[in-house]
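Engineer: Following this line is query16.pdb, made up of PDB, C-alpha atoms:
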```pdb
ATOM      1  CA  MET A 650      84.304 -32.756 -55.687
ATOM      2  CA  PRO A 651      84.407 -36.540 -55.173
ATOM      3  CA  ARG A 652      82.981 -37.675 -51.853
ATOM      4  CA  PHE A 653      86.187 -39.464 -50.862
ATOM      5  CA  LEU A 654      88.344 -36.375 -51.480
ATOM      6  CA  ARG A 655      85.911 -34.216 -49.518
ATOM      7  CA  LEU A 656      86.119 -36.686 -46.628
ATOM      8  CA  ILE A 657      89.925 -36.560 -46.655
ATOM      9  CA  ILE A 658      89.886 -32.727 -46.601
ATOM     10  CA  ASN A 659      87.430 -32.712 -43.690
ATOM     11  CA  LEU A 660      89.597 -35.138 -41.741
ATOM     12  CA  ILE A 661      92.704 -33.000 -42.320
ATOM     13  CA  VAL A 662      90.882 -29.858 -41.146
ATOM     14  CA  LEU A 663      89.539 -31.670 -38.090
ATOM     15  CA  ALA A 664      92.997 -33.008 -37.211
ATOM     16  CA  GLY A 665      94.408 -29.483 -37.502
ATOM     17  CA  LEU A 666      91.755 -28.069 -35.194
ATOM     18  CA  LEU A 667      92.359 -30.817 -32.644
ATOM     19  CA  LEU A 668      96.102 -30.148 -32.745
ATOM     20  CA  ILE A 669      95.502 -26.449 -32.122
ATOM     21  CA  CYS A 670      93.220 -27.286 -29.176
ATOM     22  CA  VAL A 671      95.849 -29.592 -27.678
ATOM     23  CA  GLN A 672      98.543 -26.932 -28.092
ATOM     24  CA  VAL A 673      96.382 -24.275 -26.434
ATOM     25  CA  TRP A 674      95.527 -26.667 -23.602
ATOM     26  CA  ALA A 675      99.171 -27.605 -23.139
ATOM     27  CA  GLN A 676     100.145 -23.941 -22.770
ATOM     28  CA  ASP A 677      98.138 -23.782 -19.535
ATOM     29  CA  TRP A 678     100.804 -25.981 -17.967
ATOM     30  CA  ARG A 679     103.828 -23.876 -17.068
ATOM     31  CA  PRO A 680     107.296 -25.432 -17.074
ATOM     32  CA  VAL A 681     109.366 -24.877 -13.938
ATOM     33  CA  ARG A 682     112.656 -26.707 -14.565
ATOM     34  CA  GLY A 683     113.813 -29.536 -16.821
ATOM     35  CA  GLY A 684     115.335 -32.827 -15.700
ATOM     36  CA  ILE A 685     114.776 -35.443 -13.011
ATOM     37  CA  PRO A 686     116.361 -33.473 -10.101
ATOM     38  CA  PHE A 687     113.717 -30.739 -10.393
ATOM     39  CA  GLY A 688     110.533 -32.781 -10.068
ATOM     40  CA  ILE A 689     107.974 -31.347  -7.622
ATOM     41  CA  SER A 690     106.953 -33.895  -4.982
ATOM     42  CA  GLY A 691     105.268 -31.487  -2.559
ATOM     43  CA  ILE A 692     104.042 -27.881  -2.623
ATOM     44  CA  ALA A 693     102.734 -25.398  -0.039
ATOM     45  CA  LEU A 694     101.664 -21.757  -0.276
ATOM     46  CA  ILE A 695     103.956 -19.114   1.223
ATOM     47  CA  LYS A 696     102.422 -15.840   0.058
ATOM     48  CA  GLN A 697      99.432 -14.743  -2.015
ATOM     49  CA  GLN A 698      99.292 -11.280  -3.583
ATOM     50  CA  SER A 699      96.987  -9.701  -6.146
ATOM     51  CA  ASN A 700      98.965 -10.924  -9.141
ATOM     52  CA  SER A 701     101.421 -13.472  -7.794
ATOM     53  CA  LEU A 702     101.727 -16.657  -5.746
ATOM     54  CA  ASP A 703     104.831 -17.845  -3.895
ATOM     55  CA  PHE A 704     105.182 -21.525  -3.031
ATOM     56  CA  LEU A 705     107.663 -23.662  -1.161
ATOM     57  CA  ILE A 706     108.348 -26.945  -2.991
ATOM     58  CA  VAL A 707     110.325 -30.090  -2.201
ATOM     59  CA  HIS A 708     112.224 -32.465  -4.481
ATOM     60  CA  ASP A 709     112.441 -36.235  -3.934
ATOM     61  CA  ASN A 710     116.190 -36.313  -4.552
ATOM     62  CA  LYS A 711     118.572 -38.756  -2.896
ATOM     63  CA  GLN A 712     122.103 -37.689  -3.930
ATOM     64  CA  LYS A 713     124.244 -35.190  -2.003
ATOM     65  CA  ASN A 714     124.681 -32.777  -4.895
ATOM     66  CA  GLU A 715     120.937 -32.521  -5.616
ATOM     67  CA  GLY A 716     118.559 -29.903  -4.229
ATOM     68  CA  ARG A 717     115.890 -30.673  -1.651
ATOM     69  CA  ILE A 718     113.823 -27.509  -1.386
ATOM     70  CA  ALA A 719     113.088 -24.368  -3.398
ATOM     71  CA  ILE A 720     110.695 -21.466  -3.948
ATOM     72  CA  ILE A 721     108.659 -20.955  -7.088
ATOM     73  CA  ARG A 722     106.833 -17.741  -7.942
ATOM     74  CA  ILE A 723     103.905 -17.582 -10.351
ATOM     75  CA  LYS A 724     103.388 -13.979 -11.414
ATOM     76  CA  GLY A 725     100.756 -12.916 -13.918
ATOM     77  CA  ARG A 726     101.046 -14.881 -17.134
ATOM     78  CA  SER A 727     104.833 -15.187 -16.913
ATOM     79  CA  GLN A 728     106.621 -18.485 -16.592
ATOM     80  CA  PRO A 729     107.315 -19.494 -12.970
ATOM     81  CA  GLU A 730     110.494 -18.238 -11.356
ATOM     82  CA  TYR A 731     112.602 -20.789  -9.489
ATOM     83  CA  PHE A 732     114.787 -20.020  -6.453
ATOM     84  CA  PRO A 733     116.753 -22.955  -4.977
ATOM     85  CA  LEU A 734     117.253 -22.998  -1.196
ATOM     86  CA  ASN A 735     120.053 -24.581   0.795
ATOM     87  CA  TRP A 736     119.326 -27.316   3.297
ATOM     88  CA  PRO A 737     120.897 -26.361   6.667
ATOM     89  CA  ASN A 738     124.440 -27.631   7.104
ATOM     90  CA  ASN A 739     123.847 -28.685  10.707
ATOM     91  CA  THR A 740     121.393 -31.450   9.738
ATOM     92  CA  ASP A 741     121.683 -34.482   7.480
ATOM     93  CA  LEU A 742     120.182 -34.199   4.016
ATOM     94  CA  PRO A 743     116.759 -35.851   3.819
ATOM     95  CA  ILE A 744     116.278 -38.758   1.453
ATOM     96  CA  ASP A 745     113.246 -38.787  -0.850
ATOM     97  CA  LEU A 746     111.068 -35.900   0.371
ATOM     98  CA  GLU A 747     107.575 -36.651  -0.935
ATOM     99  CA  ALA A 748     105.170 -34.224   0.757
ATOM    100  CA  LEU A 749     104.947 -30.709   2.154
ATOM    101  CA  THR A 750     102.260 -28.885   4.126
ATOM    102  CA  SER A 751     101.994 -25.581   5.936
ATOM    103  CA  VAL A 752     101.210 -25.532   9.651
ATOM    104  CA  PRO A 753      97.720 -24.008  10.120
ATOM    105  CA  GLU A 754      97.260 -20.749  12.008
ATOM    106  CA  LYS A 755     100.928 -19.973  11.918
ATOM    107  CA  THR A 756     102.560 -17.293   9.819
ATOM    108  CA  LYS A 757     103.271 -18.587   6.328
ATOM    109  CA  SER A 758     106.738 -19.591   7.480
ATOM    110  CA  SER A 759     106.131 -22.901   9.274
ATOM    111  CA  PHE A 760     105.968 -26.137   7.273
ATOM    112  CA  ILE A 761     106.281 -29.882   7.677
ATOM    113  CA  ALA A 762     107.988 -31.967   5.001
ATOM    114  CA  LEU A 763     107.727 -35.758   4.891
ATOM    115  CA  SER A 764     110.020 -38.375   3.387
ATOM    116  CA  SER A 765     108.810 -41.636   1.881
ATOM    117  CA  SER A 766     110.121 -43.540   4.916
ATOM    118  CA  GLY A 767     107.854 -41.593   7.299
ATOM    119  CA  LYS A 768     110.472 -39.208   8.699
ATOM    120  CA  ALA A 769     109.119 -35.674   9.086
ATOM    121  CA  TYR A 770     110.857 -32.297   9.272
ATOM    122  CA  HIS A 771     109.368 -29.211  10.927
ATOM    123  CA  ILE A 772     110.774 -26.344   8.858
ATOM    124  CA  SER A 773     110.928 -22.620   9.538
ATOM    125  CA  PHE A 774     111.248 -20.378   6.481
ATOM    126  CA  GLU A 775     112.722 -16.888   6.716
ATOM    127  CA  PRO A 776     111.375 -14.871   3.745
ATOM    128  CA  ALA A 777     113.690 -11.875   4.216
ATOM    129  CA  ASN A 778     116.871 -13.798   3.409
ATOM    130  CA  LYS A 779     115.259 -16.908   1.852
ATOM    131  CA  THR A 780     116.719 -19.410   4.276
ATOM    132  CA  ILE A 781     115.260 -22.389   6.112
ATOM    133  CA  SER A 782     116.015 -23.915   9.483
ATOM    134  CA  ILE A 783     114.994 -27.293  10.878
ATOM    135  CA  ILE A 784     113.066 -26.938  14.129
ATOM    136  CA  LYS A 785     112.525 -30.641  14.772
ATOM    137  CA  GLU A 786     112.775 -34.069  13.153
ATOM    138  CA  PHE A 787     110.257 -36.761  14.100
ATOM    139  CA  ASN A 788     108.618 -39.926  12.761
ATOM    140  CA  LEU A 789     105.063 -40.838  11.875
ATOM    141  CA  PRO A 790     103.387 -43.340  14.200
ATOM    142  CA  GLY A 791     102.670 -46.957  13.312
ATOM    143  CA  ILE A 792     105.133 -47.284  10.438
ATOM    144  CA  ILE A 793     105.332 -50.850   9.120
ATOM    145  CA  GLN A 794     107.670 -52.452   6.612
ATOM    146  CA  GLY A 795     106.605 -51.699   3.060
ATOM    147  CA  ASN A 796     105.037 -48.308   3.781
ATOM    148  CA  ASN A 797     105.901 -45.752   1.114
ATOM    149  CA  PHE A 798     104.492 -42.376   2.062
ATOM    150  CA  GLU A 799     103.795 -39.750  -0.586
ATOM    151  CA  ALA A 800     101.262 -37.492   1.133
ATOM    152  CA  PHE A 801     100.907 -35.490   4.347
ATOM    153  CA  GLY A 802      98.424 -32.780   5.286
ATOM    154  CA  LEU A 803      97.498 -30.723   8.345
ATOM    155  CA  GLN A 804      94.325 -28.821   9.173
ATOM    156  CA  ASN A 805      92.809 -27.145  12.213
ATOM    157  CA  ILE A 806      89.332 -28.673  12.523
ATOM    158  CA  ASP A 807      87.066 -27.447  15.321
ATOM    159  CA  GLY A 808      90.071 -26.248  17.299
ATOM    160  CA  LYS A 809      92.025 -29.504  16.947
ATOM    161  CA  LEU A 810      95.137 -29.952  14.835
ATOM    162  CA  VAL A 811      94.475 -33.020  12.682
ATOM    163  CA  ALA A 812      97.103 -34.802  10.584
ATOM    164  CA  ILE A 813      96.345 -37.005   7.591
ATOM    165  CA  TRP A 814      98.868 -38.924   5.522
ATOM    166  CA  GLY A 815      99.004 -41.616   2.885
ATOM    167  CA  HIS A 816     100.882 -44.730   1.832
ATOM    168  CA  ARG A 817     100.738 -44.526  -1.946
ATOM    169  CA  GLY A 818      99.791 -48.079  -2.903
ATOM    170  CA  GLU A 819     100.512 -49.285  -6.414
ATOM    171  CA  GLY A 820      98.548 -51.150  -9.047
ATOM    172  CA  GLU A 821      96.279 -53.705  -7.385
ATOM    173  CA  GLN A 822      97.652 -52.789  -3.956
ATOM    174  CA  PRO A 823      95.405 -50.068  -2.489
ATOM    175  CA  ALA A 824      96.639 -46.876  -0.927
ATOM    176  CA  THR A 825      96.145 -46.386   2.806
ATOM    177  CA  ILE A 826      95.029 -43.136   4.409
ATOM    178  CA  PHE A 827      95.973 -42.608   8.069
ATOM    179  CA  TRP A 828      94.750 -39.876  10.408
ATOM    180  CA  GLY A 829      95.319 -38.706  13.949
ATOM    181  CA  MET A 830      95.549 -35.823  16.425
ATOM    182  CA  PHE A 831      98.807 -33.892  16.266
ATOM    183  CA  ASP A 832     100.336 -32.408  19.412
ATOM    184  CA  LEU A 833     102.800 -30.019  17.807
ATOM    185  CA  ALA A 834     104.351 -29.030  21.128
ATOM    186  CA  LYS A 835     105.382 -32.652  21.764
ATOM    187  CA  TYR A 836     105.680 -33.681  18.083
ATOM    188  CA  GLN A 837     103.364 -36.588  18.768
ATOM    189  CA  ILE A 838     100.690 -37.835  16.387
ATOM    190  CA  THR A 839      98.125 -40.102  18.013
ATOM    191  CA  LEU A 840      97.034 -42.510  15.294
ATOM    192  CA  ALA A 841      93.225 -42.629  15.268
ATOM    193  CA  GLY A 842      92.434 -44.765  12.227
ATOM    194  CA  SER A 843      93.187 -45.824   8.678
ATOM    195  CA  ALA A 844      91.347 -46.823   5.502
ATOM    196  CA  ASN A 845      92.265 -48.330   2.154
ATOM    197  CA  LEU A 846      91.281 -46.840  -1.178
ATOM    198  CA  LYS A 847      91.753 -47.395  -4.902
ATOM    199  CA  VAL A 848      91.016 -44.865  -7.629
ATOM    200  CA  PRO A 849      89.446 -45.686 -11.018
ATOM    201  CA  PHE A 850      91.887 -43.538 -12.996
ATOM    202  CA  PRO A 851      94.736 -43.841 -13.804
ATOM    203  CA  SER A 852      94.903 -47.602 -14.152
ATOM    204  CA  GLY A 853      97.829 -49.994 -14.445
ATOM    205  CA  ASN A 854     100.979 -48.807 -12.647
ATOM    206  CA  VAL A 855      99.028 -46.287 -10.589
ATOM    207  CA  ARG A 856      99.971 -44.734  -7.275
ATOM    208  CA  HIS A 857      96.523 -44.295  -5.800
ATOM    209  CA  ILE A 858      97.689 -41.413  -3.603
ATOM    210  CA  SER A 859     100.474 -39.080  -4.711
ATOM    211  CA  ASP A 860      99.478 -36.130  -2.489
ATOM    212  CA  ILE A 861      96.794 -35.078  -0.030
ATOM    213  CA  LYS A 862      95.368 -31.813   1.312
ATOM    214  CA  VAL A 863      92.487 -30.941   3.663
ATOM    215  CA  ASP A 864      90.441 -27.749   3.447
ATOM    216  CA  PRO A 865      89.195 -25.880   6.565
ATOM    217  CA  VAL A 866      85.848 -27.733   6.699
ATOM    218  CA  GLY A 867      87.492 -31.159   6.449
ATOM    219  CA  ILE A 868      87.096 -32.028   2.760
ATOM    220  CA  VAL A 869      90.036 -34.239   1.777
ATOM    221  CA  TYR A 870      91.521 -33.913  -1.709
ATOM    222  CA  ILE A 871      93.966 -36.416  -3.185
ATOM    223  CA  THR A 872      95.965 -36.716  -6.375
ATOM    224  CA  SER A 873      96.745 -40.001  -8.127
ATOM    225  CA  ALA A 874      99.422 -40.637 -10.737
ATOM    226  CA  SER A 875     101.075 -43.241 -12.943
ATOM    227  CA  ASP A 876     104.011 -43.442 -15.313
ATOM    228  CA  ALA A 877     105.513 -46.018 -17.618
ATOM    229  CA  GLY A 878     109.114 -44.881 -17.111
ATOM    230  CA  ASP A 879     111.331 -41.813 -16.980
ATOM    231  CA  ASP A 880     110.002 -40.606 -20.337
ATOM    232  CA  GLY A 881     106.347 -41.348 -19.636
ATOM    233  CA  PRO A 882     103.644 -41.524 -20.730
ATOM    234  CA  PHE A 883     102.143 -40.030 -17.564
ATOM    235  CA  GLN A 884      98.590 -39.858 -16.246
ATOM    236  CA  SER A 885      97.097 -38.111 -13.223
ATOM    237  CA  ALA A 886      93.813 -37.194 -11.583
ATOM    238  CA  VAL A 887      92.451 -35.093  -8.712
ATOM    239  CA  TYR A 888      89.709 -36.469  -6.444
ATOM    240  CA  VAL A 889      87.688 -35.644  -3.345
ATOM    241  CA  ALA A 890      88.536 -38.682  -1.223
ATOM    242  CA  GLY A 891      86.208 -37.985   1.663
ATOM    243  CA  TYR A 892      85.538 -35.951   4.783
ATOM    244  CA  LEU A 893      87.479 -35.601   8.021
ATOM    245  CA  GLY A 894      85.616 -34.245  11.054
ATOM    246  CA  LEU A 895      85.266 -34.435  14.811
ATOM    247  CA  ARG A 896      82.569 -36.082  16.910
ATOM    248  CA  GLY A 897      83.370 -35.096  20.460
ATOM    249  CA  ASN A 898      87.097 -35.715  20.725
ATOM    250  CA  LYS A 899      87.046 -38.493  18.136
ATOM    251  CA  ILE A 900      88.100 -38.039  14.517
ATOM    252  CA  VAL A 901      85.507 -39.277  12.024
ATOM    253  CA  TRP A 902      86.487 -40.318   8.491
ATOM    254  CA  ARG A 903      83.811 -40.632   5.811
ATOM    255  CA  GLN A 904      85.257 -41.996   2.601
ATOM    256  CA  ASN A 905      83.740 -41.123  -0.732
ATOM    257  CA  SER A 906      81.769 -44.083  -2.056
ATOM    258  CA  GLN A 907      82.253 -42.969  -5.679
ATOM    259  CA  PHE A 908      85.556 -41.499  -6.812
ATOM    260  CA  VAL A 909      84.845 -38.837  -9.430
ATOM    261  CA  PRO A 910      87.856 -37.338 -11.265
ATOM    262  CA  LEU A 911      87.621 -33.565 -10.766
ATOM    263  CA  TYR A 912      90.509 -33.201 -13.190
ATOM    264  CA  ARG A 913      92.606 -35.602 -15.218
ATOM    265  CA  SER A 914      95.764 -35.383 -17.318
ATOM    266  CA  ASP A 915      97.193 -37.767 -19.889
ATOM    267  CA  TYR A 916     100.473 -35.868 -20.085
ATOM    268  CA  HIS A 917     101.754 -35.133 -16.572
ATOM    269  CA  LYS A 918     102.484 -36.948 -13.293
ATOM    270  CA  ILE A 919     101.023 -34.865 -10.478
ATOM    271  CA  GLU A 920     102.816 -35.383  -7.166
ATOM    272  CA  GLY A 921     102.160 -32.079  -5.384
ATOM    273  CA  MET A 922      98.943 -30.187  -4.631
ATOM    274  CA  GLU A 923      97.953 -27.048  -2.738
ATOM    275  CA  ILE A 924      94.592 -25.362  -2.123
ATOM    276  CA  VAL A 925      94.680 -21.590  -2.670
ATOM    277  CA  PRO A 926      91.611 -19.662  -1.401
ATOM    278  CA  GLY A 927      89.966 -16.568  -2.832
ATOM    279  CA  ALA A 928      88.460 -15.333  -6.077
ATOM    280  CA  GLU A 929      91.744 -15.765  -7.940
ATOM    281  CA  GLY A 930      92.760 -19.005  -6.232
ATOM    282  CA  GLY A 931      92.266 -22.620  -7.172
ATOM    283  CA  VAL A 932      93.796 -26.052  -6.725
ATOM    284  CA  VAL A 933      97.463 -25.763  -7.680
ATOM    285  CA  VAL A 934      99.221 -28.924  -8.831
ATOM    286  CA  GLY A 935     102.899 -29.591  -9.462
ATOM    287  CA  THR A 936     104.428 -32.453 -11.403
ATOM    288  CA  ASP A 937     107.379 -34.803 -11.257
ATOM    289  CA  ASP A 938     107.672 -35.672 -14.929
ATOM    290  CA  GLU A 939     111.055 -37.378 -14.483
ATOM    291  CA  ASN A 940     113.273 -36.580 -17.526
ATOM    292  CA  LEU A 941     110.781 -33.920 -18.611
ATOM    293  CA  GLY A 942     111.200 -31.997 -15.357
ATOM    294  CA  SER A 943     108.439 -30.162 -13.509
ATOM    295  CA  TYR A 944     105.338 -28.161 -14.389
ATOM    296  CA  VAL A 945     102.640 -26.315 -12.473
ATOM    297  CA  TYR A 946      98.979 -25.833 -13.305
ATOM    298  CA  ILE A 947      96.139 -23.993 -11.546
ATOM    299  CA  LEU A 948      92.748 -25.699 -11.673
ATOM    300  CA  GLY A 949      90.133 -22.983 -11.588
ATOM    301  CA  GLY A 950      92.666 -20.148 -11.568
ATOM    302  CA  SER A 951      91.647 -16.994 -13.425
ATOM    303  CA  SER A 952      94.308 -14.329 -13.338
ATOM    304  CA  TYR A 953      97.615 -16.180 -13.013
TER     305      TYR A 953
END
```
Is it possible to express this structure as structure tokens?
Structural biologist:
Amino acid sequence: MPRFLRLIINLIVLAGLLLICVQVWAQDWRPVRGGIPFGISGIALIKQQSNSLDFLIVHDNKQKNEGRIAIIRIKGRSQPEYFPLNWPNNTDLPIDLEALTSVPEKTKSSFIALSSSGKAYHISFEPANKTISIIKEFNLPGIIQGNNFEAFGLQNIDGKLVAIWGHRGEGEQPATIFWGMFDLAKYQITLAGSANLKVPFPSGNVRHISDIKVDPVGIVYITSASDAGDDGPFQSAVYVAGYLGLRGNKIVWRQNSQFVPLYRSDYHKIEGMEIVPGAEGGVVVGTDDENLGSYVYILGGSSY
């Protein structure tokens, strides 16, 4: 067989194998719903069972006829189930919800959602009848013109409730992480500090922070994302941004000096993240892929 023909055959076989690998990889991402109104901009765990996970999610919608909040259930290897929830009629619809976190050491029914403007909503979820109520609305401290918040997390660290949130930044403009003590009884966050950061990937039209979560020992995880329009292409990454701890009554932030992508995607725009503990847990990410809708993926998950 001529050398050139053999080379062509080898290239065709290699291309076929690569296509199969990409298709298998892509199947790990599970579609939730199609279309812009169903993008996931925040996600928080409600319930974890042996073969299923229930999450509360928020959408960054702005129109009256568009949903704001929903439940998704990941069960076994099945595609996620989606259950829309109604926003209470006695409160105004939020505009552009971008983050969601559970309240530590509460039953899995207390959450705080955050809009891009810095307005927060303390939400109570009733699992029996799948309804939500708004306990309190409040604002983040120290908001300045131009802030665009996409991330909010809570964690109980050494007996103190610590809040951490992020202005997303874009392109050459860095993101800003803020942190402070949270007095939930008074709905007051005492701003303790802030720091700027830029990630190495994605590049270009990147939002350096698209979500944030803190684990129980203070390790801070962030997601970063970029898109070139409503049809993509999209890119995302997951990083350890640093460490949040206490020294006396003072919050200490130690930022990572080298940002290492723990995971990256060239196909999806990750805007929501949750940390699920246990042998069958992992870092769960949700996407806002604009016209392509939403997907979920479990980094490190084994049985779901």
Engineer: Using the file's own x, y and z axes, what box holds all listed atoms of range 701-714 of chain A with 3 Å on each side, keeping edges along x, y and z, and what are its centre and edge lengths in Å to one decimal, as JSON?
Structural biologist:
```
{"center_x": 113.1, "center_y": -26.1, "center_z": -4.5, "size_x": 29.3, "size_y": 31.3, "size_z": 12.6}
```
Engineer: Taking only residues of range 733-762 of chain A that have an atom at most 12 Å from an atom of range 829-840 of chain A, what is each one's shortest atom pair and its distance in Å to one decimal, using only C-alpha atoms, in chain and number order, as a tab-separated table?
Structural biologist:
```
residue	atom	partner	partner_atom	distance
A:Val752	CA	A:Leu833	CA	9.4
A:Pro753	CA	A:Leu833	CA	11.0
A:Lys755	CA	A:Leu833	CA	11.8
A:Ser759	CA	A:Leu833	CA	11.6
A:Phe760	CA	A:Leu833	CA	11.7
A:Ile761	CA	A:Leu833	CA	10.7
```
Engineer: Tell me which protein, DNA and RNA residues are within 12 Å of Gly791 in chain A, counting all atoms listed in the file, leaving out same-chain ones fewer than 4 positions away, and put them as a list in words.
Structural biologist: Ser766, Gly767, Lys768, Gly795, Asn796, Trp814, His816, Phe827, Trp828, Gly829, Gln837, Ile838, Thr839, Leu840, Ala841, Gly842 and Ser843 of chain A
Engineer: Could you list, as a PyMOL selection string, every residue matched by the PyMOL selection byres ((chain A and resi 852) around 10) in this structure?
Structural biologist: chain A and resi 819-821+847-851+853-857+873-875+884-885
Engineer: What is the distance between CA of Asn797 in chain A and CA of Ser914 in chain A, in Å to one decimal?
Structural biologist: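 Rounded to one decimal, the two atoms are 23.5 Å apart.
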Engineer: Applied to the shown file, which residues does the PyMOL selection byres ((chain A and resi 690-692) around 9) return, written as a PyMOL selection string?
Structural biologist: chain A and resi 688-689+693-694+704-709+745-750+762-763+799-800+859-860+919-923+933-937
Engineer: Calculated over only C-alpha atoms, which of the candidates A:Gln794, A:Gln697, A:Ser943, A:Thr872 has the smallest distance to Ser765 in chain A?
Structural biologist: A:Gln794
Engineer: Translate the PyMOL selection byres ((chain A and resi 716-731) around 8), as applied to the file shown, into an explicit residue set as a VMD selection string.
Structural biologist: chain A and resid 679 to 682 686 to 687 700 to 710 714 to 715 732 to 736 742 to 743 746 952 to 953
Engineer: Go ahead and find all residues with at least one atom no further than 7 Å from (94.1, -25.9, -12.3) in the file's coordinates, using all atoms listed in the file; report them as a PyMOL selection string.
Structural biologist: chain A and resi 931-934+946-950
